[in-house]
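One structure is given here, and the rest of the page talks about it.
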Amino acid sequence: MTFKYILIAMETFLLILFLIPLPIVCSGNIAGILLCLALLAVTANFSGFCTLVSSVWSHLFGKIILIVLCVVIIAGIAYVSVLSALMYRAQENNPDEPNVIVVLGCKVNGEKPSRMLRRRLDAAYNALEKHPDTLCIVSGGQGSNEKISEAQAMKNYLTEKGIDESRIIMEDKSTSTYENIKFSLDILDDMVMSHAMTLVTDGFHQYRASLITKAQGVDNVTAYSAYTEPRYLFTYWVREWLGLTHFFVFGN
């Protein structure tokens, strides 16, 4: 019984981690909440769960279903473990000397960058200070509830912190990571510059962003990663597992 209560406490703690970001709702915390509730239901009534499994196992078709289910669960755990390792490695892939820094957009509240976007811009600011000869593309269009484009809000933020506006190029039409990269590549073509890119985004997003970039023909992709608040990390990490799966299946 003690082990049961320990499991319930651990599952409840995990559930809280996915509830903390509310009212932000995305595929990450929806999936996490549903999984935690399922685990809690099984743990709370484990004897009933065992009885159900024994009943299913007593039939040949039931045995097949349970074996397939176990294989899927084990494969799923291995899959997300590999993804997590690749995501971690991608966020640590800093350049020696970047060709161009591309800041991927995020929500703007009115005319001000959201907290997550400010974190990205702070990472971009530090990178631009470290590499004073490097240009920066700020990439993001204007959403329906935003007074200005994400690119304009990002440029305003960086220039207010002291970055010379001549170093900042706005790409203000994109609505997705794919378009962030595509339209930024168009700018580099217009400037007759190499396509090598250093992406600035949240660490959890770096791997998928790099895959999207490489899918558009860019071989040299490096990263400067923004700090992600711990309360959002579990939700957005799981969302990236789903986003990466979508990319592998549909290519975007």
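Lettering and numbering for the structure tokens are positional, with chains as A, B, ... in the shown order, residues counted from 1 in each chain, and ligands counted from 1 in the shown order.
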
Find the spatial neighbours of A:Val56, counting only C-alpha atoms, within a cut-off of 9 Å - ignore same-chain residues fewer than 5 positions away - and output them as an NGL selection string. :A and (51 or 61-63 or 65-66)

Can you write out the residues you just picked, keeping N, CA and C atoms, as a PDB file, in the first residue's frame?
```
ATOM      1  N   THR A  51      -7.454  -7.414 -12.489  1.00  0.00           N
ATOM      2  CA  THR A  51      -8.557  -8.332 -12.802  1.00  0.00           C
ATOM      3  C   THR A  51      -8.972  -8.200 -14.257  1.00  0.00           C
ATOM      4  N   PHE A  61      -7.379 -13.660 -28.554  1.00  0.00           N
ATOM      5  CA  PHE A  61      -7.387 -12.327 -29.157  1.00  0.00           C
ATOM      6  C   PHE A  61      -6.962 -11.275 -28.125  1.00  0.00           C
ATOM      7  N   GLY A  62      -7.351 -11.500 -26.869  1.00  0.00           N
ATOM      8  CA  GLY A  62      -6.958 -10.593 -25.793  1.00  0.00           C
ATOM      9  C   GLY A  62      -5.457 -10.609 -25.571  1.00  0.00           C
ATOM     10  N   LYS A  63      -4.857 -11.815 -25.641  1.00  0.00           N
ATOM     11  CA  LYS A  63      -3.401 -11.921 -25.506  1.00  0.00           C
ATOM     12  C   LYS A  63      -2.700 -11.105 -26.592  1.00  0.00           C
ATOM     13  N   ILE A  65      -3.840  -8.522 -28.260  1.00  0.00           N
ATOM     14  CA  ILE A  65      -4.037  -7.090 -28.007  1.00  0.00           C
ATOM     15  C   ILE A  65      -3.075  -6.595 -26.929  1.00  0.00           C
ATOM     16  N   LEU A  66      -2.967  -7.343 -25.831  1.00  0.00           N
ATOM     17  CA  LEU A  66      -2.109  -6.926 -24.722  1.00  0.00           C
ATOM     18  C   LEU A  66      -0.633  -6.932 -25.120  1.00  0.00           C
TER      19      LEU A  66
END
```

Among stretch 5-248 of chain A, which residues does DSSP mark as strand (DSSP E) when it is run on the backbone? Keep the chain and numbering as in the structure and answer as a ChimeraX atom specification. /A:100-104,108-109,112-113,135-139,168-171,197-202,221-226

Given only C-alpha atoms as the counted atoms, nearest of A:Ser58, A:Ser27, A:Gln142, A:Asn156 to A:Leu121: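 Of A:Ser58, A:Ser27, A:Gln142, A:Asn156, the one nearest A:Leu121, counting only C-alpha atoms, is A:Asn156.
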
Sort by chain and increasing residue number a table of all residues of stretch 82-145 of chain A within 7 Å of stretch 171-187 of chain A, each with its closest pair of atoms and their distance in Å to one decimal, counting only C-alpha atoms, and write it as a tab-separated table.
```
residue	atom	partner	partner_atom	distance
A:Leu104	CA	A:Asn180	CA	6.6
A:Ile137	CA	A:Glu171	CA	6.7
A:Val138	CA	A:Glu171	CA	6.0
A:Ser139	CA	A:Glu171	CA	4.7
A:Gly140	CA	A:Asp172	CA	5.0
A:Gly141	CA	A:Asp172	CA	4.3
```

Write the residues of the preceding selection, restricted to N, CA, C and O atoms, as an mmCIF file, in the first residue's frame.
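Final output, saved to result.cif:
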```cif
data_model
loop_
_atom_site.group_PDB
_atom_site.id
_atom_site.type_symbol
_atom_site.label_atom_id
_atom_site.label_comp_id
_atom_site.auth_asym_id
_atom_site.auth_seq_id
_atom_site.Cartn_x
_atom_site.Cartn_y
_atom_site.Cartn_z
ATOM 1 N N LEU A 104 13.414 33.456 -34.168
ATOM 2 C CA LEU A 104 12.089 32.978 -34.535
ATOM 3 C C LEU A 104 11.037 33.639 -33.648
ATOM 4 O O LEU A 104 11.175 33.702 -32.432
ATOM 5 N N ILE A 137 18.341 38.590 -38.374
ATOM 6 C CA ILE A 137 17.007 38.645 -38.977
ATOM 7 C C ILE A 137 15.991 38.329 -37.886
ATOM 8 O O ILE A 137 16.074 37.276 -37.243
ATOM 9 N N VAL A 138 15.064 39.259 -37.656
ATOM 10 C CA VAL A 138 13.969 39.004 -36.715
ATOM 11 C C VAL A 138 12.762 38.597 -37.551
ATOM 12 O O VAL A 138 12.318 39.329 -38.426
ATOM 13 N N SER A 139 12.228 37.414 -37.277
ATOM 14 C CA SER A 139 11.261 36.799 -38.188
ATOM 15 C C SER A 139 9.934 36.512 -37.507
ATOM 16 O O SER A 139 9.868 35.733 -36.557
ATOM 17 N N GLY A 140 8.877 37.153 -38.004
ATOM 18 C CA GLY A 140 7.545 36.901 -37.469
ATOM 19 C C GLY A 140 6.540 37.909 -37.981
ATOM 20 O O GLY A 140 6.795 39.113 -37.943
ATOM 21 N N GLY A 141 5.421 37.431 -38.469
ATOM 22 C CA GLY A 141 4.375 38.309 -38.982
ATOM 23 C C GLY A 141 3.482 38.854 -37.888
ATOM 24 O O GLY A 141 3.782 38.740 -36.700
#
```
